[in-house]
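Shown next: target21.txt, containing compact mmCIF, C-alpha atoms.
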# COMPACT_ATOMS: atom_id res chain seq x y z
CA MET A 210 -48.50 81.90 -58.29
CA GLY A 211 -48.87 85.69 -58.33
CA SER A 212 -49.67 87.93 -55.39
CA ILE A 213 -53.37 88.09 -56.26
CA ASP A 214 -53.58 84.32 -56.69
CA SER A 215 -51.71 83.78 -53.45
CA TYR A 216 -53.99 86.18 -51.59
CA ILE A 217 -57.19 84.53 -52.83
CA PHE A 218 -55.72 81.04 -52.35
CA ARG A 219 -54.79 81.71 -48.70
CA THR A 220 -58.10 83.41 -47.94
CA THR A 221 -60.11 80.55 -49.41
CA LEU A 222 -58.19 77.79 -47.65
CA THR A 223 -58.25 79.66 -44.33
CA SER A 224 -62.02 80.08 -44.60
CA PHE A 225 -62.34 76.42 -45.60
CA ALA A 226 -60.36 75.29 -42.55
CA VAL A 227 -62.50 77.37 -40.18
CA VAL A 228 -65.80 76.25 -41.71
CA MET A 229 -64.63 72.66 -41.92
CA ALA A 230 -63.61 72.57 -38.26
CA SER A 231 -66.86 74.24 -37.16
CA LEU A 232 -69.21 71.99 -39.13
CA THR A 233 -67.28 68.84 -38.26
CA GLY A 234 -67.26 69.77 -34.58
CA VAL A 235 -71.01 70.39 -34.48
CA ILE A 236 -71.90 67.20 -36.35
CA TRP A 237 -69.36 65.19 -34.35
CA ILE A 238 -70.96 66.31 -31.09
CA THR A 239 -74.42 65.25 -32.26
CA GLN A 240 -73.08 61.87 -33.38
CA ALA A 241 -70.96 61.38 -30.26
CA LEU A 242 -73.95 61.87 -27.98
CA ARG A 243 -75.40 58.68 -29.43
CA GLY A 244 -72.40 56.74 -28.16
CA ILE A 245 -72.45 58.20 -24.66
CA ASP A 246 -73.63 54.81 -23.36
CA LEU A 247 -70.02 53.63 -23.77
CA MET A 248 -69.24 55.52 -20.58
CA THR A 249 -72.58 55.11 -18.80
CA SER A 250 -74.01 51.65 -19.42
CA GLN A 251 -70.80 49.95 -20.57
CA GLY A 252 -68.37 51.51 -18.14
CA GLN A 253 -65.75 52.61 -20.67
CA THR A 254 -63.30 55.42 -20.04
CA ILE A 255 -63.45 58.88 -21.60
CA LEU A 256 -60.42 57.97 -23.74
CA THR A 257 -62.26 54.98 -25.22
CA PHE A 258 -65.29 57.16 -25.89
CA LEU A 259 -63.24 59.89 -27.59
CA GLY A 260 -61.23 57.32 -29.52
CA LEU A 261 -64.24 55.51 -30.96
CA THR A 262 -66.14 58.67 -31.87
CA GLY A 263 -63.01 60.41 -33.15
CA LEU A 264 -62.28 57.62 -35.62
CA ALA A 265 -65.56 58.41 -37.36
CA VAL A 266 -64.53 62.03 -38.07
CA PRO A 267 -62.86 61.26 -41.45
CA VAL A 268 -66.15 59.84 -42.71
CA LEU A 269 -67.86 63.11 -41.78
CA ILE A 270 -65.17 65.11 -43.57
CA LEU A 271 -65.87 63.29 -46.84
CA VAL A 272 -69.44 64.59 -46.78
CA ILE A 273 -68.76 68.02 -45.28
CA ALA A 274 -65.69 69.03 -47.33
CA PRO A 275 -67.52 70.09 -50.55
CA VAL A 276 -70.06 72.10 -48.55
CA ALA A 277 -67.31 73.75 -46.51
CA LEU A 278 -65.46 74.63 -49.71
CA MET A 279 -68.60 76.17 -51.18
CA ILE A 280 -69.07 78.34 -48.09
CA ALA A 281 -65.39 79.32 -48.19
CA VAL A 282 -65.55 80.32 -51.87
CA ALA A 283 -68.75 82.30 -51.28
CA HIS A 284 -67.19 84.06 -48.28
CA THR A 285 -64.07 84.97 -50.24
CA LEU A 286 -66.07 86.28 -53.22
CA ASN A 287 -68.37 88.26 -50.93
CA ARG A 288 -65.33 89.77 -49.23
CA LEU A 289 -63.81 90.72 -52.58
CA ALA A 290 -67.10 92.24 -53.71
CA THR A 291 -67.68 94.16 -50.47
CA ASP A 292 -64.23 95.75 -50.72
CA SER A 293 -64.79 96.41 -54.46
CA GLU A 294 -61.73 94.31 -55.24
CA ILE A 295 -63.54 92.34 -57.95
CA ILE A 296 -64.35 95.58 -59.78
CA VAL A 297 -60.71 96.70 -59.56
CA MET A 298 -59.49 93.32 -60.83
CA ASN A 299 -61.91 93.43 -63.75
CA ALA A 300 -60.81 96.98 -64.56
CA ALA A 301 -57.18 95.82 -64.48
CA GLY A 302 -57.94 93.28 -67.20
CA LEU A 303 -58.45 90.09 -65.19
CA SER A 304 -61.12 88.01 -66.85
CA PRO A 305 -63.55 86.00 -64.68
CA LEU A 306 -61.90 82.79 -65.85
CA ARG A 307 -58.49 84.13 -64.82
CA LEU A 308 -59.89 85.18 -61.45
CA PHE A 309 -61.27 81.68 -61.01
CA ARG A 310 -57.77 80.16 -61.21
CA PRO A 311 -56.74 80.57 -57.52
CA PHE A 312 -60.04 79.02 -56.49
CA VAL A 313 -59.16 76.04 -58.66
CA TYR A 314 -55.83 75.74 -56.82
CA ALA A 315 -57.64 75.75 -53.47
CA THR A 316 -60.11 73.17 -54.77
CA MET A 317 -57.24 70.92 -55.84
CA VAL A 318 -55.93 70.95 -52.25
CA VAL A 319 -59.37 70.06 -50.89
CA SER A 320 -59.78 67.35 -53.52
CA ALA A 321 -56.40 65.85 -52.60
CA ILE A 322 -57.48 65.74 -48.94
CA VAL A 323 -60.72 64.01 -49.93
CA ILE A 324 -58.82 61.46 -52.03
CA LEU A 325 -56.48 60.63 -49.16
CA ILE A 326 -59.30 60.31 -46.65
CA GLY A 327 -61.56 58.28 -48.94
CA ALA A 328 -58.83 55.95 -50.12
CA TYR A 329 -57.16 55.12 -46.80
CA ILE A 330 -57.91 57.21 -43.68
CA ALA A 331 -61.71 56.74 -43.54
CA PRO A 332 -61.76 52.94 -44.17
CA ASP A 333 -58.83 52.48 -41.81
CA GLY A 334 -60.73 54.37 -39.09
CA LEU A 335 -63.81 52.23 -39.67
CA ARG A 336 -61.67 49.10 -39.38
CA ARG A 337 -60.26 50.30 -36.08
CA ILE A 338 -63.79 51.00 -34.85
CA ALA A 339 -64.87 47.47 -35.80
CA ARG A 340 -61.91 45.91 -33.98
CA TRP A 341 -62.33 48.17 -30.97
CA ASP A 342 -66.05 47.41 -30.81
CA SER A 343 -65.26 43.71 -30.92
CA GLU A 344 -62.95 44.05 -27.95
CA ILE A 345 -65.50 46.07 -26.00
CA THR A 346 -68.25 43.58 -26.76
CA ALA A 347 -66.00 40.74 -25.61
CA ASP A 348 -65.23 42.56 -22.37
CA VAL A 349 -67.70 40.96 -19.96
CA LEU A 350 -66.95 43.51 -17.24
CA ALA A 351 -67.89 46.45 -19.49
CA ASN A 352 -70.67 44.94 -21.57
CA VAL A 353 -72.48 42.41 -19.35
CA LEU A 354 -71.78 42.96 -15.67
CA GLN A 355 -74.02 45.93 -14.99
CA PRO A 356 -74.53 47.04 -11.37
CA GLY A 357 -77.76 45.82 -9.83
CA ARG A 358 -78.63 43.42 -12.67
CA PHE A 359 -78.59 39.65 -12.92
CA ALA A 360 -76.54 38.88 -16.01
CA GLN A 361 -76.91 35.43 -17.57
CA LEU A 362 -73.63 34.79 -19.36
CA GLU A 363 -74.91 31.44 -20.64
CA GLN A 364 -77.54 28.92 -19.71
CA ASN A 365 -77.43 28.12 -15.96
CA LEU A 366 -74.71 30.69 -15.20
CA THR A 367 -75.81 33.95 -13.57
CA ILE A 368 -73.67 36.76 -12.14
CA ARG A 369 -74.77 39.89 -10.26
CA VAL A 370 -72.70 42.87 -9.14
CA ARG A 371 -74.14 45.32 -6.62
CA GLU A 372 -71.81 48.21 -7.38
CA ARG A 373 -68.86 49.15 -9.53
CA GLN A 374 -66.30 51.50 -8.03
CA PRO A 375 -63.37 53.40 -9.58
CA GLY A 376 -60.39 51.28 -10.52
CA GLY A 377 -62.52 48.35 -11.69
CA LEU A 378 -63.48 47.24 -8.16
CA LEU A 379 -66.70 45.20 -8.08
CA VAL A 380 -68.62 45.28 -4.79
CA GLY A 381 -71.17 42.67 -3.73
CA VAL A 382 -70.53 39.86 -6.24
CA PHE A 383 -72.94 36.92 -6.52
CA ILE A 384 -72.39 33.91 -8.82
CA ASP A 385 -74.80 31.03 -9.37
CA ASP A 386 -73.23 28.25 -11.48
CA ARG A 387 -75.53 25.36 -12.42
CA ARG A 388 -73.82 24.26 -15.61
CA ASP A 389 -72.88 20.94 -14.03
CA PRO A 390 -76.13 19.29 -12.83
CA ASN A 391 -74.18 17.23 -10.28
CA ASP A 392 -72.15 20.11 -8.89
CA ARG A 393 -74.01 23.41 -8.31
CA ILE A 394 -71.93 26.28 -6.95
CA SER A 395 -73.09 29.54 -5.38
CA ILE A 396 -70.52 32.19 -4.54
CA ILE A 397 -70.98 35.39 -2.57
CA ALA A 398 -68.00 37.75 -2.20
CA ASP A 399 -67.53 41.16 -0.65
CA HIS A 400 -65.63 42.49 -3.64
CA GLY A 401 -63.60 41.42 -6.63
CA THR A 402 -61.72 42.52 -9.72
CA VAL A 403 -61.21 41.23 -13.24
CA VAL A 404 -57.64 40.15 -13.98
CA LYS A 405 -56.34 39.36 -17.47
CA ASN A 406 -53.06 37.60 -18.06
CA LYS A 407 -51.50 35.11 -20.45
CA ASP A 408 -53.58 32.30 -18.93
CA GLY A 409 -56.89 34.04 -19.59
CA SER A 410 -59.41 36.27 -17.81
CA PHE A 411 -60.36 35.68 -14.19
CA LEU A 412 -62.80 37.24 -11.76
CA VAL A 413 -60.69 37.37 -8.59
CA LEU A 414 -63.00 37.45 -5.55
CA ASP A 415 -62.00 38.50 -2.03
CA ASP A 416 -63.59 37.86 1.38
CA GLY A 417 -66.51 35.57 0.64
CA HIS A 418 -67.88 32.07 0.90
CA LEU A 419 -68.73 29.30 -1.53
CA GLU A 420 -71.61 26.84 -1.27
CA ARG A 421 -71.23 23.60 -3.22
CA PHE A 422 -74.30 21.40 -3.77
CA GLN A 423 -73.26 17.96 -4.94
CA GLY A 424 -75.78 15.45 -6.27
CA ASN A 425 -75.01 12.68 -3.81
CA GLN A 426 -75.19 14.90 -0.71
CA GLN A 427 -78.21 16.49 0.92
CA GLU A 428 -76.32 19.23 2.77
CA PRO A 429 -74.19 21.80 0.93
CA ALA A 430 -70.49 22.18 1.60
CA LEU A 431 -69.73 25.70 2.84
CA VAL A 432 -66.24 27.09 2.28
CA ALA A 433 -65.04 30.52 3.40
CA PHE A 434 -62.24 32.04 1.38
CA SER A 435 -60.08 35.13 1.41
CA ARG A 436 -59.39 34.93 -2.33
CA TYR A 437 -60.95 32.87 -5.12
CA ALA A 438 -60.43 33.02 -8.90
CA PHE A 439 -63.41 32.34 -11.15
CA ASP A 440 -62.40 31.57 -14.75
CA MET A 441 -64.06 33.92 -17.29
CA SER A 442 -61.77 33.30 -20.26
CA LYS A 443 -64.60 31.70 -22.20
CA PHE A 444 -66.58 34.93 -22.09
CA SER A 445 -63.76 37.37 -22.88
CA ARG A 446 -62.76 36.29 -26.36
CA ALA A 447 -63.14 38.85 -29.11
CA ARG A 448 -65.20 37.72 -32.04
CA ASP A 449 -63.75 37.55 -35.52
CA VAL A 450 -64.10 40.92 -37.21
CA ALA A 451 -65.68 40.87 -40.66
CA TYR A 452 -65.11 44.09 -42.60
CA GLY A 453 -67.95 45.54 -44.66
CA ILE A 454 -67.76 47.31 -48.00
CA ARG A 455 -67.09 50.71 -46.44
CA GLU A 456 -64.10 49.25 -44.55
CA HIS A 457 -62.33 48.30 -47.79
CA TYR A 458 -59.51 50.52 -49.01
CA LEU A 459 -59.93 52.15 -52.41
CA TRP A 460 -57.39 49.90 -54.14
CA GLU A 461 -59.24 46.87 -52.74
CA LEU A 462 -62.38 48.16 -54.44
CA ILE A 463 -60.65 48.88 -57.76
CA TRP A 464 -58.67 45.63 -57.84
CA PRO A 465 -60.70 43.32 -55.58
CA ASP A 466 -59.64 39.88 -54.48
CA PRO A 467 -61.62 37.38 -56.59
CA ASN A 468 -62.01 35.22 -53.48
CA ASP A 469 -63.46 38.04 -51.38
CA PRO A 470 -66.76 36.63 -50.01
CA LEU A 471 -68.27 40.12 -49.90
CA LEU A 472 -67.53 40.60 -53.60
CA LYS A 473 -69.22 37.32 -54.42
CA GLN A 474 -72.22 38.18 -52.27
CA LEU A 475 -72.68 41.87 -53.21
CA PRO A 476 -70.81 42.54 -56.49
CA THR A 477 -73.00 45.49 -57.54
CA GLN A 478 -72.76 47.27 -54.18
CA PHE A 479 -69.01 46.64 -54.23
CA ARG A 480 -68.64 48.52 -57.51
CA SER A 481 -71.08 51.22 -56.44
CA GLU A 482 -68.95 52.00 -53.38
CA MET A 483 -65.88 52.23 -55.64
CA HIS A 484 -67.60 54.79 -57.86
CA ASP A 485 -68.70 56.81 -54.82
CA ARG A 486 -65.09 56.99 -53.64
CA LEU A 487 -63.87 58.05 -57.10
CA LEU A 488 -66.59 60.69 -57.42
CA ALA A 489 -65.96 62.21 -53.99
CA PRO A 490 -62.91 64.31 -55.05
CA ILE A 491 -64.79 65.60 -58.12
CA TYR A 492 -67.65 67.16 -56.18
CA PRO A 493 -65.45 69.95 -54.70
CA PHE A 494 -64.72 71.17 -58.26
CA PHE A 495 -68.43 71.37 -59.02
CA PHE A 496 -69.26 73.17 -55.77
CA ALA A 497 -66.48 75.70 -56.36
CA ALA A 498 -67.40 76.23 -60.03
CA VAL A 499 -71.13 76.71 -59.45
CA THR A 500 -70.48 79.11 -56.57
CA PHE A 501 -68.13 81.22 -58.70
CA ALA A 502 -70.56 81.14 -61.64
CA PHE A 503 -73.25 82.71 -59.46
CA LEU A 504 -71.09 85.04 -57.34
CA GLY A 505 -67.87 85.62 -59.26
CA LEU A 506 -69.06 88.67 -61.16
CA ALA A 507 -69.77 92.12 -59.78
CA ARG A 508 -73.33 92.76 -58.66
CA THR A 509 -75.12 96.09 -58.75
CA THR A 510 -77.00 95.59 -55.49
CA ARG A 511 -76.56 93.60 -52.34
CA GLN A 512 -79.96 91.98 -52.88
CA SER A 513 -78.82 90.67 -56.24
CA ARG A 514 -75.90 88.92 -54.57
CA ASN A 515 -78.26 87.40 -52.02
CA PHE A 516 -80.40 85.98 -54.80
CA SER A 517 -77.32 84.62 -56.51
CA MET A 518 -76.19 82.93 -53.30
CA VAL A 519 -79.58 81.29 -52.92
CA GLY A 520 -79.42 80.18 -56.55
CA ALA A 521 -75.97 78.64 -56.08
CA VAL A 522 -77.11 76.74 -52.98
CA LEU A 523 -80.22 75.43 -54.71
CA CYS A 524 -78.28 74.37 -57.79
CA ALA A 525 -75.65 72.56 -55.69
CA PHE A 526 -78.35 70.93 -53.59
CA VAL A 527 -80.24 69.64 -56.63
CA ILE A 528 -77.13 68.20 -58.30
CA ARG A 529 -75.96 66.56 -55.07
CA LEU A 530 -79.43 65.13 -54.46
CA ILE A 531 -79.50 63.67 -57.96
CA GLY A 532 -76.04 62.23 -57.31
CA PHE A 533 -77.25 60.53 -54.13
CA ALA A 534 -80.26 59.13 -55.98
CA LEU A 535 -78.09 57.75 -58.77
CA SER A 536 -75.73 56.23 -56.20
CA VAL A 537 -78.62 54.39 -54.56
CA ILE A 538 -79.95 53.17 -57.91
CA ALA A 539 -76.42 52.02 -58.87
CA ASN A 540 -76.56 49.50 -56.03
CA GLN A 541 -79.05 47.56 -58.13
CA THR A 542 -78.28 48.75 -61.67
CA PRO A 543 -74.54 48.90 -62.46
CA TYR A 544 -74.65 51.06 -65.61
CA VAL A 545 -76.29 53.93 -63.70
CA ALA A 546 -72.91 54.65 -62.09
CA GLY A 547 -71.73 56.12 -65.40
CA LEU A 548 -74.53 58.69 -65.28
CA GLN A 549 -73.00 60.16 -62.13
CA TYR A 550 -69.80 61.01 -64.01
CA LEU A 551 -71.81 62.52 -66.89
CA LEU A 552 -73.88 64.55 -64.44
CA LEU A 553 -70.84 66.07 -62.75
CA ALA A 554 -69.00 66.62 -66.04
CA ALA A 555 -72.02 68.44 -67.51
CA ALA A 556 -72.56 70.54 -64.36
CA ILE A 557 -68.89 71.59 -64.19
CA ALA A 558 -68.76 72.29 -67.93
CA ILE A 559 -71.86 74.51 -67.81
CA SER A 560 -70.49 76.41 -64.79
CA VAL A 561 -67.12 76.99 -66.48
CA TRP A 562 -68.88 78.08 -69.68
CA LEU A 563 -70.91 80.65 -67.73
CA ILE A 564 -67.71 81.93 -66.14
CA HIS A 565 -65.89 82.09 -69.48
CA ARG A 566 -68.76 83.85 -71.23
CA ASN A 567 -69.02 86.38 -68.40
CA VAL A 568 -72.71 85.58 -67.92
CA VAL A 569 -74.27 87.34 -64.95
CA ILE A 570 -77.01 85.18 -63.44
CA GLU A 571 -79.63 87.62 -62.22
CA PRO A 572 -83.05 86.87 -60.74
CA PRO A 573 -86.13 87.86 -62.80
CA SER A 574 -86.98 91.53 -62.34
CA GLN A 575 -90.64 90.66 -61.61
CA LEU A 576 -89.56 88.43 -58.75
CA VAL A 577 -87.30 91.13 -57.32
CA ASP A 578 -90.08 93.73 -57.51
CA ALA A 579 -92.55 91.37 -55.85
CA ILE A 580 -90.20 90.59 -52.98
CA ASN A 581 -89.33 94.29 -52.55
CA ALA A 582 -93.02 95.13 -52.32
CA LEU A 583 -93.54 92.33 -49.83
CA ASN A 584 -90.64 93.55 -47.68
CA THR A 585 -91.99 97.12 -47.76
CA SER A 586 -95.44 95.98 -46.68
CA PHE A 587 -93.95 93.86 -43.91
CA ARG A 588 -91.88 96.77 -42.55
CA ARG A 589 -94.93 99.06 -42.58
CA LEU A 590 -96.90 96.44 -40.70
CA ILE A 591 -94.22 96.20 -38.04
CA ARG A 592 -93.94 99.96 -37.65
CA ARG A 593 -97.74 100.50 -37.42
CA PRO A 594 -98.63 101.61 -33.86
CA MET A 595 -100.73 99.25 -31.82
CA PRO A 596 -104.27 100.48 -30.92
CA ALA A 597 -104.65 101.63 -27.33
Could I get this structure in the form of structure tokens?
Amino acid sequence: MGSIDSYIFRTTLTSFAVVMASLTGVIWITQALRGIDLMTSQGQTILTFLGLTGLAVPVLILVIAPVALMIAVAHTLNRLATDSEIIVMNAAGLSPLRLFRPFVYATMVVSAIVILIGAYIAPDGLRRIARWDSEITADVLANVLQPGRFAQLEQNLTIRVRERQPGGLLVGVFIDDRRDPNDRISIIADHGTVVKNKDGSFLVLDDGHLERFQGNQQEPALVAFSRYAFDMSKFSRARDVAYGIREHYLWELIWPDPNDPLLKQLPTQFRSEMHDRLLAPIYPFFFAAVTFAFLGLARTTRQSRNFSMVGAVLCAFVIRLIGFALSVIANQTPYVAGLQYLLLAAAIAISVWLIHRNVVIEPPSQLVDAINALNTSFRRLIRRPMPA
């Protein structure tokens, strides 16, 4: 890799990293706010909250990476054009296709990252989220015992906690157990904690009293205790985790287990997800090629470059939108998946042909004149003095 290639390669990847981190951070914050109830209503720690929301970041990267690459390529080309470096490179004999080569190298790095994330990292993160969510759901203390509420764990068993304090201390615990019609138990304790060990999960209560109403007695038996363990093992068992299609690794989609119940139930969606994973690393090449086709050649005016940038964004948006539509249709019609490959192949081929033929994509002169006239009229309107 020559000095020019190395310079463009480093600039593009640096810009990609900055844009990728910025976009991922913004979108992650908006998504994480939806899960804030993990800390509020379910009493989970900040580490659990960050862990669960952080595991979803690879899924965001799969969607954001092509867009971030497009912005990085546009930024690099705009920088080269602003400093007149593109003109110097063209004068030195570098063809547009030769100048496109370092951008291809950068795109290959991004594509490799997308392949790794789509094949293993993203589905593995989703699997961890599913298992973690199962454990949280099975945690009665976090999911059911909410302060000030009567929680019915099952029929004829009600528990209420007045307050939850730091360290897992439960204050003001009330239990009404009517599961045995001949032996009703009511327990009131000053405080308690949940203890998990090899024997199960127990709500250990301190400083309280127990009232036992037996069927053959008219008066209840009242027992004061300093410590009492109420068995909650039945309510703290994690459910079996069933992985969905998105939780399957790429090789499990390409070579599925014939006995996979999900494959038998949703064979078309199974294959559609496989094609989406295979297409994901191809999209960065299209986004890079279409951006270079619109911005890779020298422009006479700044406004012309602005029009070209808008054209590149619109073209990328339309192709990606068609790709999403075909992906949805492929869930019901298997052969449509092949059209996605043809769409990307045609879009990349046309972009590379434009680059090779040194075709400058300019907006219509009538449109430029109309917008210039509109801008002039708008500036005059702003500058017009207001009547006294």
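Put simply, CA of Leu264 in chain A is 13.4 Å away from CA of Gly327 in chain A.
Minimum distance to Tyr550 in chain A across A:Ala300, A:Ile591, A:Phe495, A:His565 (counting only C-alpha atoms) occurs at A:Phe495.
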List as a PyMOL selection string the residues having at least one atom at most 10 Å from position (-70.2, 81.3, -67.2) as given in the file, counting only C-alpha atoms.
chain A and resi 305-306+498-499+501-503+505-506+558-570
For C-alpha atoms, I'd like the residues from the last selection saved as a PDB file, in the coordinates of the input.
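New file result02.pdb:
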ATOM      1  CA  PRO A 305     -63.550  86.000 -64.680  1.00  0.00           C
ATOM      2  CA  LEU A 306     -61.900  82.790 -65.850  1.00  0.00           C
ATOM      3  CA  ALA A 498     -67.400  76.230 -60.030  1.00  0.00           C
ATOM      4  CA  VAL A 499     -71.130  76.710 -59.450  1.00  0.00           C
ATOM      5  CA  PHE A 501     -68.130  81.220 -58.700  1.00  0.00           C
ATOM      6  CA  ALA A 502     -70.560  81.140 -61.640  1.00  0.00           C
ATOM      7  CA  PHE A 503     -73.250  82.710 -59.460  1.00  0.00           C
ATOM      8  CA  GLY A 505     -67.870  85.620 -59.260  1.00  0.00           C
ATOM      9  CA  LEU A 506     -69.060  88.670 -61.160  1.00  0.00           C
ATOM     10  CA  ALA A 558     -68.760  72.290 -67.930  1.00  0.00           C
ATOM     11  CA  ILE A 559     -71.860  74.510 -67.810  1.00  0.00           C
ATOM     12  CA  SER A 560     -70.490  76.410 -64.790  1.00  0.00           C
ATOM     13  CA  VAL A 561     -67.120  76.990 -66.480  1.00  0.00           C
ATOM     14  CA  TRP A 562     -68.880  78.080 -69.680  1.00  0.00           C
ATOM     15  CA  LEU A 563     -70.910  80.650 -67.730  1.00  0.00           C
ATOM     16  CA  ILE A 564     -67.710  81.930 -66.140  1.00  0.00           C
ATOM     17  CA  HIS A 565     -65.890  82.090 -69.480  1.00  0.00           C
ATOM     18  CA  ARG A 566     -68.760  83.850 -71.230  1.00  0.00           C
ATOM     19  CA  ASN A 567     -69.020  86.380 -68.400  1.00  0.00           C
ATOM     20  CA  VAL A 568     -72.710  85.580 -67.920  1.00  0.00           C
ATOM     21  CA  VAL A 569     -74.270  87.340 -64.950  1.00  0.00           C
ATOM     22  CA  ILE A 570     -77.010  85.180 -63.440  1.00  0.00           C
TER      23      ILE A 570
END
With distances taken over all atoms listed in the file, which of A:Ala497, A:Ile322, A:Ala430, A:Leu362 is nearest to Ile557 in chain A?
A:Ala497
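A straight line drawn from CA of Ala554 in chain A to CA of Val272 in chain A is 19.4 Å long.
Of the residues listed (A:Leu548, A:Ala398, A:Glu372, A:Val276), A:Val276 shows the shortest atom-to-atom separation from Ala521 in chain A; distances use only C-alpha atoms.
Relative to CA of Glu482 in chain A, CA of Asn540 in chain A is found at 8.4 Å.
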Long-range neighbours of Leu475 in chain A as an NGL selection string, 12 Å cut-off, all atoms listed in the file, 3 positions minimum in chain:
:A and (453-454 or 469-472 or 478-482 or 540-541 or 543)
Once you have the residues from the selection above, write them out as a short mmCIF file (atom, residue, chain, number, x, y, z; two decimals), in the coordinates of the input, restricted to C-alpha atoms.
data_model
loop_
_atom_site.label_atom_id
_atom_site.label_comp_id
_atom_site.auth_asym_id
_atom_site.auth_seq_id
_atom_site.Cartn_x
_atom_site.Cartn_y
_atom_site.Cartn_z
CA GLY A 453 -67.95 45.54 -44.66
CA ILE A 454 -67.76 47.31 -48.00
CA ASP A 469 -63.46 38.04 -51.38
CA PRO A 470 -66.76 36.63 -50.01
CA LEU A 471 -68.27 40.12 -49.90
CA LEU A 472 -67.53 40.60 -53.60
CA GLN A 478 -72.76 47.27 -54.18
CA PHE A 479 -69.01 46.64 -54.23
CA ARG A 480 -68.64 48.52 -57.51
CA SER A 481 -71.08 51.22 -56.44
CA GLU A 482 -68.95 52.00 -53.38
CA ASN A 540 -76.56 49.50 -56.03
CA GLN A 541 -79.05 47.56 -58.13
CA PRO A 543 -74.54 48.90 -62.46
#
